[in-house]
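See below for query.cif, which holds mmCIF, C-alpha atoms.
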data_start
loop_
_atom_site.label_atom_id
_atom_site.label_comp_id
_atom_site.auth_asym_id
_atom_site.auth_seq_id
_atom_site.Cartn_x
_atom_site.Cartn_y
_atom_site.Cartn_z
CA MET A 1 17.89 -2.43 -13.78
CA THR A 2 16.19 -3.69 -16.94
CA LEU A 3 12.57 -2.63 -17.26
CA GLU A 4 10.14 -4.26 -19.70
CA THR A 5 7.20 -2.18 -20.88
CA ILE A 6 4.05 -4.30 -21.03
CA SER A 7 1.70 -1.50 -22.12
CA THR A 8 1.31 2.26 -22.29
CA ASN A 9 -1.89 4.23 -22.83
CA ARG A 10 -2.61 7.93 -23.11
CA ALA A 11 -4.94 9.08 -20.33
CA PHE A 12 -5.92 12.56 -19.13
CA GLY A 13 -2.96 14.02 -21.00
CA GLY A 14 -0.50 11.71 -19.28
CA VAL A 15 0.72 8.15 -19.72
CA GLN A 16 -0.54 5.07 -17.92
CA GLY A 17 2.06 2.33 -18.12
CA VAL A 18 2.41 -1.24 -16.91
CA TYR A 19 5.92 -2.60 -16.46
CA ARG A 20 7.79 -5.75 -15.47
CA HIS A 21 11.27 -6.30 -14.05
CA ALA A 22 13.36 -9.02 -12.44
CA SER A 23 13.27 -8.38 -8.71
CA ALA A 24 16.32 -9.14 -6.61
CA ALA A 25 14.31 -8.90 -3.40
CA CYS A 26 11.54 -11.27 -4.48
CA ARG A 27 13.66 -13.42 -6.82
CA THR A 28 11.03 -13.45 -9.53
CA ASP A 29 9.59 -11.07 -12.08
CA MET A 30 7.41 -8.34 -10.58
CA THR A 31 4.80 -6.22 -12.37
CA PHE A 32 3.68 -2.72 -11.42
CA SER A 33 1.86 0.24 -12.95
CA VAL A 34 2.80 3.92 -13.10
CA PHE A 35 0.73 6.92 -14.16
CA VAL A 36 2.80 9.96 -15.12
CA PRO A 37 0.79 13.14 -15.75
CA ASP A 38 1.69 15.67 -18.41
CA HIS A 39 4.53 17.86 -17.18
CA ALA A 40 7.17 20.31 -18.33
CA PRO A 41 10.37 18.79 -19.75
CA GLY A 42 12.87 18.14 -16.99
CA ALA A 43 10.32 18.57 -14.20
CA LYS A 44 10.38 16.26 -11.18
CA LEU A 45 6.98 15.35 -9.76
CA PRO A 46 5.73 14.16 -6.37
CA VAL A 47 4.84 10.47 -6.19
CA VAL A 48 2.02 8.63 -4.43
CA TRP A 49 2.56 4.94 -3.67
CA TYR A 50 -0.61 2.83 -3.58
CA LEU A 51 -0.56 -0.61 -1.92
CA SER A 52 -3.37 -3.01 -2.79
CA GLY A 53 -5.24 -5.56 -0.70
CA LEU A 54 -5.71 -9.32 -0.48
CA THR A 55 -6.21 -11.17 -3.78
CA CYS A 56 -5.32 -8.03 -5.76
CA SER A 57 -2.48 -7.17 -8.09
CA HIS A 58 -1.44 -3.84 -9.62
CA ALA A 59 -4.35 -4.23 -12.03
CA ASN A 60 -7.24 -3.69 -9.61
CA VAL A 61 -6.54 -0.08 -8.77
CA THR A 62 -5.15 0.61 -12.25
CA GLU A 63 -8.42 -0.44 -13.84
CA LYS A 64 -10.94 0.53 -11.12
CA GLY A 65 -9.33 3.15 -8.89
CA GLU A 66 -10.30 6.24 -10.91
CA TYR A 67 -7.22 8.18 -9.84
CA ARG A 68 -5.92 9.48 -13.16
CA ALA A 69 -8.07 12.60 -13.49
CA ALA A 70 -7.10 13.75 -10.00
CA CYS A 71 -3.42 12.91 -10.53
CA ALA A 72 -3.40 14.81 -13.83
CA LYS A 73 -5.00 17.83 -12.17
CA LEU A 74 -2.68 17.73 -9.15
CA GLY A 75 0.54 16.76 -10.93
CA LEU A 76 1.04 13.47 -9.07
CA ILE A 77 2.80 10.33 -10.23
CA PHE A 78 0.85 7.27 -9.05
CA VAL A 79 2.66 3.94 -8.56
CA ALA A 80 0.79 0.68 -7.92
CA PRO A 81 2.96 -2.37 -7.12
CA ASP A 82 1.80 -5.98 -6.94
CA THR A 83 0.84 -7.48 -3.57
CA SER A 84 3.25 -10.44 -3.64
CA PRO A 85 5.78 -12.31 -5.73
CA ARG A 86 4.31 -14.66 -8.32
CA GLY A 87 5.43 -17.13 -10.94
CA GLU A 88 7.04 -20.52 -11.31
CA GLY A 89 8.76 -21.69 -8.15
CA VAL A 90 7.08 -19.11 -5.89
CA PRO A 91 5.25 -20.87 -3.03
CA ASP A 92 1.51 -20.44 -2.72
CA ASP A 93 -1.37 -21.47 -0.50
CA PRO A 94 -4.88 -22.57 -1.52
CA ALA A 95 -6.45 -19.98 0.78
CA TYR A 96 -7.06 -16.46 -0.56
CA ASP A 97 -5.55 -14.80 2.51
CA PHE A 98 -2.07 -16.34 2.40
CA GLY A 99 0.63 -16.92 -0.20
CA GLN A 100 0.45 -15.35 -3.63
CA GLY A 101 -1.72 -12.23 -3.63
CA ALA A 102 -1.29 -11.92 0.13
CA GLY A 103 2.28 -10.80 0.83
CA PHE A 104 1.23 -8.58 3.77
CA TYR A 105 4.15 -6.21 3.10
CA VAL A 106 6.62 -8.07 5.32
CA ASP A 107 9.96 -9.80 4.71
CA ALA A 108 9.22 -13.45 5.48
CA THR A 109 11.63 -15.39 7.65
CA GLU A 110 9.93 -18.80 7.46
CA ALA A 111 10.27 -21.55 4.84
CA PRO A 112 9.15 -21.85 2.13
CA TYR A 113 8.28 -18.15 1.91
CA ALA A 114 11.53 -16.49 2.97
CA ASP A 115 13.21 -16.91 -0.42
CA HIS A 116 10.59 -14.86 -2.30
CA PHE A 117 8.20 -13.05 0.04
CA ASN A 118 10.25 -9.94 0.78
CA MET A 119 7.63 -7.32 0.07
CA TRP A 120 8.85 -4.90 2.75
CA SER A 121 12.27 -4.64 1.12
CA TYR A 122 10.72 -4.55 -2.32
CA ILE A 123 8.34 -1.68 -1.52
CA THR A 124 10.67 0.39 0.64
CA ASP A 125 13.97 -0.14 -1.20
CA GLU A 126 14.12 -1.94 -4.53
CA LEU A 127 11.09 -0.57 -6.37
CA PRO A 128 11.62 3.07 -5.29
CA ALA A 129 15.17 2.89 -6.62
CA LEU A 130 13.93 1.58 -9.96
CA VAL A 131 11.12 4.13 -10.21
CA ARG A 132 13.51 6.95 -9.33
CA GLU A 133 15.90 5.81 -12.06
CA VAL A 134 13.28 5.58 -14.83
CA PHE A 135 10.53 8.10 -14.06
CA PRO A 136 10.58 11.86 -13.28
CA VAL A 137 10.12 11.42 -9.53
CA ASP A 138 11.02 13.96 -6.87
CA SER A 139 12.13 11.63 -4.06
CA SER A 140 11.83 14.42 -1.51
CA ARG A 141 8.06 14.46 -2.12
CA GLN A 142 6.66 10.98 -1.57
CA SER A 143 3.48 9.77 0.09
CA ILE A 144 1.83 6.39 0.61
CA MET A 145 -1.71 5.03 0.72
CA GLY A 146 -3.42 1.66 0.45
CA HIS A 147 -6.52 -0.50 0.82
CA SER A 148 -7.20 -3.24 3.37
CA MET A 149 -3.99 -5.33 3.55
CA GLY A 150 -2.43 -2.49 1.56
CA GLY A 151 -3.78 -0.01 4.09
CA HIS A 152 -1.94 -2.03 6.71
CA GLY A 153 1.19 -1.78 4.57
CA ALA A 154 0.81 1.96 4.02
CA LEU A 155 0.28 2.66 7.71
CA THR A 156 3.19 0.52 8.92
CA ILE A 157 5.62 1.74 6.27
CA GLY A 158 4.56 5.36 6.76
CA LEU A 159 4.94 5.09 10.53
CA THR A 160 8.34 3.43 10.18
CA TYR A 161 9.68 6.04 7.75
CA PRO A 162 7.98 9.30 8.77
CA ASP A 163 10.71 11.44 7.23
CA ARG A 164 10.31 9.77 3.83
CA TYR A 165 6.54 9.96 3.36
CA LYS A 166 4.91 13.35 3.71
CA ALA A 167 1.38 11.91 3.84
CA VAL A 168 -0.16 8.57 4.82
CA SER A 169 -3.74 7.48 4.22
CA ALA A 170 -5.78 4.30 3.89
CA PHE A 171 -9.07 2.82 2.78
CA ALA A 172 -10.47 0.19 5.17
CA PRO A 173 -7.04 -0.75 6.56
CA ILE A 174 -6.18 -3.73 8.74
CA VAL A 175 -4.99 -1.48 11.56
CA ALA A 176 -4.00 -4.13 14.11
CA PRO A 177 -3.05 -7.38 12.35
CA SER A 178 -1.78 -8.84 15.62
CA GLN A 179 -5.34 -8.75 16.94
CA VAL A 180 -7.39 -10.05 13.98
CA PRO A 181 -7.59 -13.39 12.11
CA TRP A 182 -6.21 -12.19 8.76
CA GLY A 183 -3.14 -10.72 10.39
CA GLN A 184 -2.54 -13.48 12.91
CA LYS A 185 -2.58 -16.10 10.15
CA ALA A 186 -0.24 -14.15 7.86
CA LEU A 187 2.20 -13.01 10.52
CA THR A 188 2.47 -16.51 11.96
CA GLY A 189 3.05 -18.03 8.53
CA TYR A 190 5.62 -15.49 7.40
CA LEU A 191 7.29 -14.54 10.69
CA ARG A 192 6.40 -17.33 13.17
CA ASP A 193 4.53 -16.58 16.39
CA VAL A 194 7.05 -14.01 17.60
CA ARG A 195 4.97 -11.15 18.93
CA GLU A 196 7.82 -8.65 19.32
CA VAL A 197 8.54 -9.04 15.61
CA TRP A 198 4.84 -8.70 14.78
CA ARG A 199 4.74 -5.30 16.50
CA LYS A 200 6.94 -3.82 13.76
CA HIS A 201 4.20 -4.72 11.26
CA ASP A 202 1.18 -3.57 13.26
CA ALA A 203 0.13 0.08 13.02
CA VAL A 204 -1.54 0.16 16.43
CA ALA A 205 1.48 -1.47 18.07
CA LEU A 206 3.87 0.88 16.30
CA ILE A 207 1.97 3.89 17.65
CA GLU A 208 1.87 2.35 21.13
CA ASP A 209 5.65 1.90 20.87
CA GLY A 210 6.23 5.55 19.96
CA ALA A 211 6.00 5.80 16.16
CA ARG A 212 4.54 9.12 15.04
CA VAL A 213 3.38 10.91 11.90
CA PRO A 214 1.73 14.33 11.85
CA ALA A 215 -1.58 13.12 10.42
CA LEU A 216 -3.48 10.12 9.08
CA LEU A 217 -6.57 9.97 6.87
CA VAL A 218 -8.68 6.80 6.96
CA ASP A 219 -11.96 6.13 5.19
CA GLN A 220 -14.00 3.10 6.25
CA GLY A 221 -17.30 1.89 4.83
CA GLU A 222 -19.90 1.18 7.47
CA ALA A 223 -21.36 -1.64 5.32
CA ASP A 224 -17.98 -3.33 4.97
CA PRO A 225 -18.48 -7.04 5.83
CA PHE A 226 -14.96 -7.21 7.32
CA LEU A 227 -15.35 -4.16 9.57
CA ALA A 228 -16.03 -5.76 12.95
CA GLU A 229 -13.78 -8.83 12.75
CA GLN A 230 -10.80 -7.88 10.59
CA LEU A 231 -10.46 -4.09 10.30
CA ARG A 232 -11.42 -2.59 13.69
CA PRO A 233 -10.65 1.10 13.06
CA GLU A 234 -11.63 1.91 16.64
CA LEU A 235 -8.31 0.39 17.73
CA LEU A 236 -6.44 2.90 15.58
CA ALA A 237 -8.53 5.75 16.99
CA ALA A 238 -7.72 4.65 20.55
CA ALA A 239 -4.00 4.31 19.75
CA CYS A 240 -3.85 7.80 18.21
CA GLU A 241 -5.69 9.51 21.04
CA GLY A 242 -3.35 11.79 22.97
CA THR A 243 -0.32 11.05 20.77
CA GLY A 244 -0.31 14.19 18.66
CA ILE A 245 -1.26 12.22 15.54
CA ASP A 246 -4.10 14.06 13.83
CA LEU A 247 -6.29 11.11 12.79
CA THR A 248 -9.20 11.84 10.47
CA LEU A 249 -11.34 8.68 10.59
CA ARG A 250 -14.39 8.91 8.34
CA LEU A 251 -17.05 6.21 8.62
CA GLN A 252 -18.94 6.25 5.33
CA PRO A 253 -22.59 5.06 5.56
CA GLY A 254 -23.61 2.43 3.04
CA TYR A 255 -20.16 1.80 1.56
CA ASP A 256 -18.57 -1.65 1.46
CA HIS A 257 -15.02 -2.99 0.90
CA SER A 258 -14.99 -2.75 -2.89
CA TYR A 259 -13.48 -0.43 -5.47
CA TYR A 260 -16.86 1.30 -5.72
CA PHE A 261 -16.01 2.58 -2.24
CA ILE A 262 -12.35 3.29 -2.98
CA SER A 263 -13.00 5.12 -6.24
CA THR A 264 -15.63 7.31 -4.57
CA PHE A 265 -13.11 8.79 -2.13
CA MET A 266 -9.91 8.45 -4.15
CA ALA A 267 -9.87 12.07 -5.31
CA ASP A 268 -10.37 13.26 -1.71
CA HIS A 269 -7.31 11.29 -0.64
CA LEU A 270 -5.20 12.54 -3.52
CA GLU A 271 -6.14 16.15 -2.75
CA TRP A 272 -5.14 15.51 0.86
CA HIS A 273 -1.81 14.04 -0.25
CA ALA A 274 -1.15 16.84 -2.76
CA HIS A 275 -1.61 19.49 -0.08
CA ARG A 276 1.02 17.86 2.11
CA LEU A 277 3.36 17.07 -0.75
CA SER A 278 3.39 20.73 -1.76
CA ALA A 279 4.00 22.04 1.78
#
Will you turn the file into structure tokens for me?
Amino acid sequence: MTLETISTNRAFGGVQGVYRHASAACRTDMTFSVFVPDHAPGAKLPVVWYLSGLTCSHANVTEKGEYRAACAKLGLIFVAPDTSPRGEGVPDDPAYDFGQGAGFYVDATEAPYADHFNMWSYITDELPALVREVFPVDSSRQSIMGHSMGGHGALTIGLTYPDRYKAVSAFAPIVAPSQVPWGQKALTGYLRDVREVWRKHDAVALIEDGARVPALLVDQGEADPFLAEQLRPELLAAACEGTGIDLTLRLQPGYDHSYYFISTFMADHLEWHAHRLSA
């Protein structure tokens, strides 16, 4: 695959890069960022995948996530993909919660989105293959995390591929998209109103249907304006109860849905991931 380098910057002894490539899954150019910490020649490093939320691109966490110091200390590669396909010919919607910037980490089956909106395949197949080819990644040590819509993506992908990802965590995730307005709108638009298909993209439903991971870490701001209607972490807590999944759900007083919240607890999450990636 041909990879275009948009920018590279020295940071905390490592290299923060932004890259573009022609995606076969999404049938358009896709942009993503990668931080590679300083490492011995020939070394292969564990990788953390970070999935962003509604309206975001790779740039939000790259510029505001404050992950580089922790990744440099812990020896973690940090990959931040975009949230959807973009560009000329890619369908969009005037609403912020659908279309470009709102791919919801599914492979769409409905027109006009099916031709481009294949974020599940892109995140789980195409981009990992490219990253493995270009960067010093140890594919046996991968983990995944995300925020809001990206938290939904991290949870559902981690639960679907428990042998691939050694750790799964989220900031303010949409834990049950089948039960909240954001998710119901997106899943209907991308996948039609087919509830059995929705269950494969709903963390609570996946757990109810038998999906398991050893542990989950979730941070949620108590001052998050989307908490009661869209996020509903109590549904995840109820689903995990008695399943053997060790859920750490931390409700953080005074914190909202922003990157001020995410950046505050980012290092905690990366320490948590590093521990499991080194096990």
Resolved residues for the PyMOL selection byres ((chain A and resi 246-248) around 7) as an mmCIF file with C-alpha atoms, in the coordinates of the input:
data_model
loop_
_atom_site.group_PDB
_atom_site.id
_atom_site.type_symbol
_atom_site.label_atom_id
_atom_site.label_comp_id
_atom_site.auth_asym_id
_atom_site.auth_seq_id
_atom_site.Cartn_x
_atom_site.Cartn_y
_atom_site.Cartn_z
ATOM 1 C CA PRO A 214 1.730 14.330 11.850
ATOM 2 C CA ALA A 215 -1.580 13.120 10.420
ATOM 3 C CA LEU A 216 -3.480 10.120 9.080
ATOM 4 C CA LEU A 217 -6.570 9.970 6.870
ATOM 5 C CA VAL A 218 -8.680 6.800 6.960
ATOM 6 C CA CYS A 240 -3.850 7.800 18.210
ATOM 7 C CA GLY A 244 -0.310 14.190 18.660
ATOM 8 C CA ILE A 245 -1.260 12.220 15.540
ATOM 9 C CA LEU A 249 -11.340 8.680 10.590
ATOM 10 C CA ARG A 250 -14.390 8.910 8.340
#
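Separating CA of Lys64 in chain A from CA of Ile262 in chain A is a distance of 8.7 Å.
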Selection dump of the PyMOL selection byres ((chain A and resi 61) around 12), as a tab-separated table (two decimals) with C-alpha atoms, keeping the file's coordinate frame:
chain	number	residue	atom	x	y	z
A	32	PHE	CA	3.68	-2.72	-11.42
A	33	SER	CA	1.86	0.24	-12.95
A	34	VAL	CA	2.80	3.92	-13.10
A	35	PHE	CA	0.73	6.92	-14.16
A	49	TRP	CA	2.56	4.94	-3.67
A	50	TYR	CA	-0.61	2.83	-3.58
A	51	LEU	CA	-0.56	-0.61	-1.92
A	52	SER	CA	-3.37	-3.01	-2.79
A	53	GLY	CA	-5.24	-5.56	-0.70
A	56	CYS	CA	-5.32	-8.03	-5.76
A	57	SER	CA	-2.48	-7.17	-8.09
A	58	HIS	CA	-1.44	-3.84	-9.62
A	59	ALA	CA	-4.35	-4.23	-12.03
A	60	ASN	CA	-7.24	-3.69	-9.61
A	62	THR	CA	-5.15	0.61	-12.25
A	63	GLU	CA	-8.42	-0.44	-13.84
A	64	LYS	CA	-10.94	0.53	-11.12
A	65	GLY	CA	-9.33	3.15	-8.89
A	66	GLU	CA	-10.30	6.24	-10.91
A	67	TYR	CA	-7.22	8.18	-9.84
A	68	ARG	CA	-5.92	9.48	-13.16
A	78	PHE	CA	0.85	7.27	-9.05
A	79	VAL	CA	2.66	3.94	-8.56
A	80	ALA	CA	0.79	0.68	-7.92
A	81	PRO	CA	2.96	-2.37	-7.12
A	82	ASP	CA	1.80	-5.98	-6.94
A	83	THR	CA	0.84	-7.48	-3.57
A	145	MET	CA	-1.71	5.03	0.72
A	146	GLY	CA	-3.42	1.66	0.45
A	147	HIS	CA	-6.52	-0.50	0.82
A	150	GLY	CA	-2.43	-2.49	1.56
A	258	SER	CA	-14.99	-2.75	-2.89
A	259	TYR	CA	-13.48	-0.43	-5.47
A	260	TYR	CA	-16.86	1.30	-5.72
A	261	PHE	CA	-16.01	2.58	-2.24
A	262	ILE	CA	-12.35	3.29	-2.98
A	263	SER	CA	-13.00	5.12	-6.24
A	266	MET	CA	-9.91	8.45	-4.15
Resolved residues for the PyMOL selection byres ((chain A and resi 234) around 12) as an MDAnalysis selection string = chainID A and resid 172:176 204 218 220 227:233 235:241 247:251
At a cut-off of 12 Å, can you tabulate as a Markdown table every residue of range 123-161 of chain A near range 85-98 of chain A together with its closest atom pair and the distance in Å to one decimal, using all atoms listed in the file and ordering rows by chain then number?
| residue | atom | partner | partner_atom | distance |
| --- | --- | --- | --- | --- |
| A:Ile123 | CA | A:Pro85 | CA | 11.7 |
| A:Ser148 | CA | A:Asp97 | CA | 11.7 |
| A:Met149 | CA | A:Asp97 | CA | 9.7 |
Hey, what's within 10 Å of His201 in chain A if we count only C-alpha atoms and toss same-chain stuff fewer than 6 positions away? As an NGL selection string, please?
-> :A and (104-106 or 120 or 152-153 or 155-157 or 159-160 or 175-178 or 183 or 187)
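With only C-alpha atoms as the atoms that count, the minimum distance from His116 in chain A to the choices A:Val131, A:Ala167, A:Ala25, A:Ala154 is reached by A:Ala25.
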Each range 51-133 of chain A residue no farther than 10 Å from range 8-13 of chain A, nearest pair in Å, only C-alpha atoms, as CSV:
residue,atom,partner,partner_atom,distance
A:Arg68,CA,A:Phe12,CA,6.7
A:Ala69,CA,A:Phe12,CA,6.0
A:Ala70,CA,A:Phe12,CA,9.3
A:Cys71,CA,A:Phe12,CA,9.0
A:Ala72,CA,A:Phe12,CA,6.3
A:Lys73,CA,A:Phe12,CA,8.8
Pick out the closest residue to Gly42 in chain A from this set: A:Val137, A:Val194, A:Met119, A:Leu277. Count all atoms listed in the file.
-> A:Val137
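Of the residues under consideration (A:Arg212, A:Tyr190, A:Pro136, A:Glu196), A:Arg212 shows the shortest atom-to-atom contact distance to Asp163 in chain A when counting all atoms listed in the file.
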Would you kindly return, as a PyMOL selection string, each protein, DNA or RNA residue with an atom no farther than 9 Å from any atom of Ser278 in chain A, considering only C-alpha atoms and excluding same-chain residues fewer than 4 positions away?
-> chain A and resi 46+141+273-274
Serialized selection, C-alpha atoms, as a CSV table (one decimal), keeping the file's coordinate frame:
chain,number,residue,atom,x,y,z
A,46,PRO,CA,5.7,14.2,-6.4
A,141,ARG,CA,8.1,14.5,-2.1
A,273,HIS,CA,-1.8,14.0,-0.2
A,274,ALA,CA,-1.2,16.8,-2.8
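With distances restricted to all atoms listed in the file, A:Thr243 is the closest residue to Ile207 in chain A from A:Tyr161, A:Thr243, A:Gln252, A:Phe135.
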Between CA of Ala114 in chain A and CA of Glu4 in chain A - distance in Å to one decimal | 25.8 Å
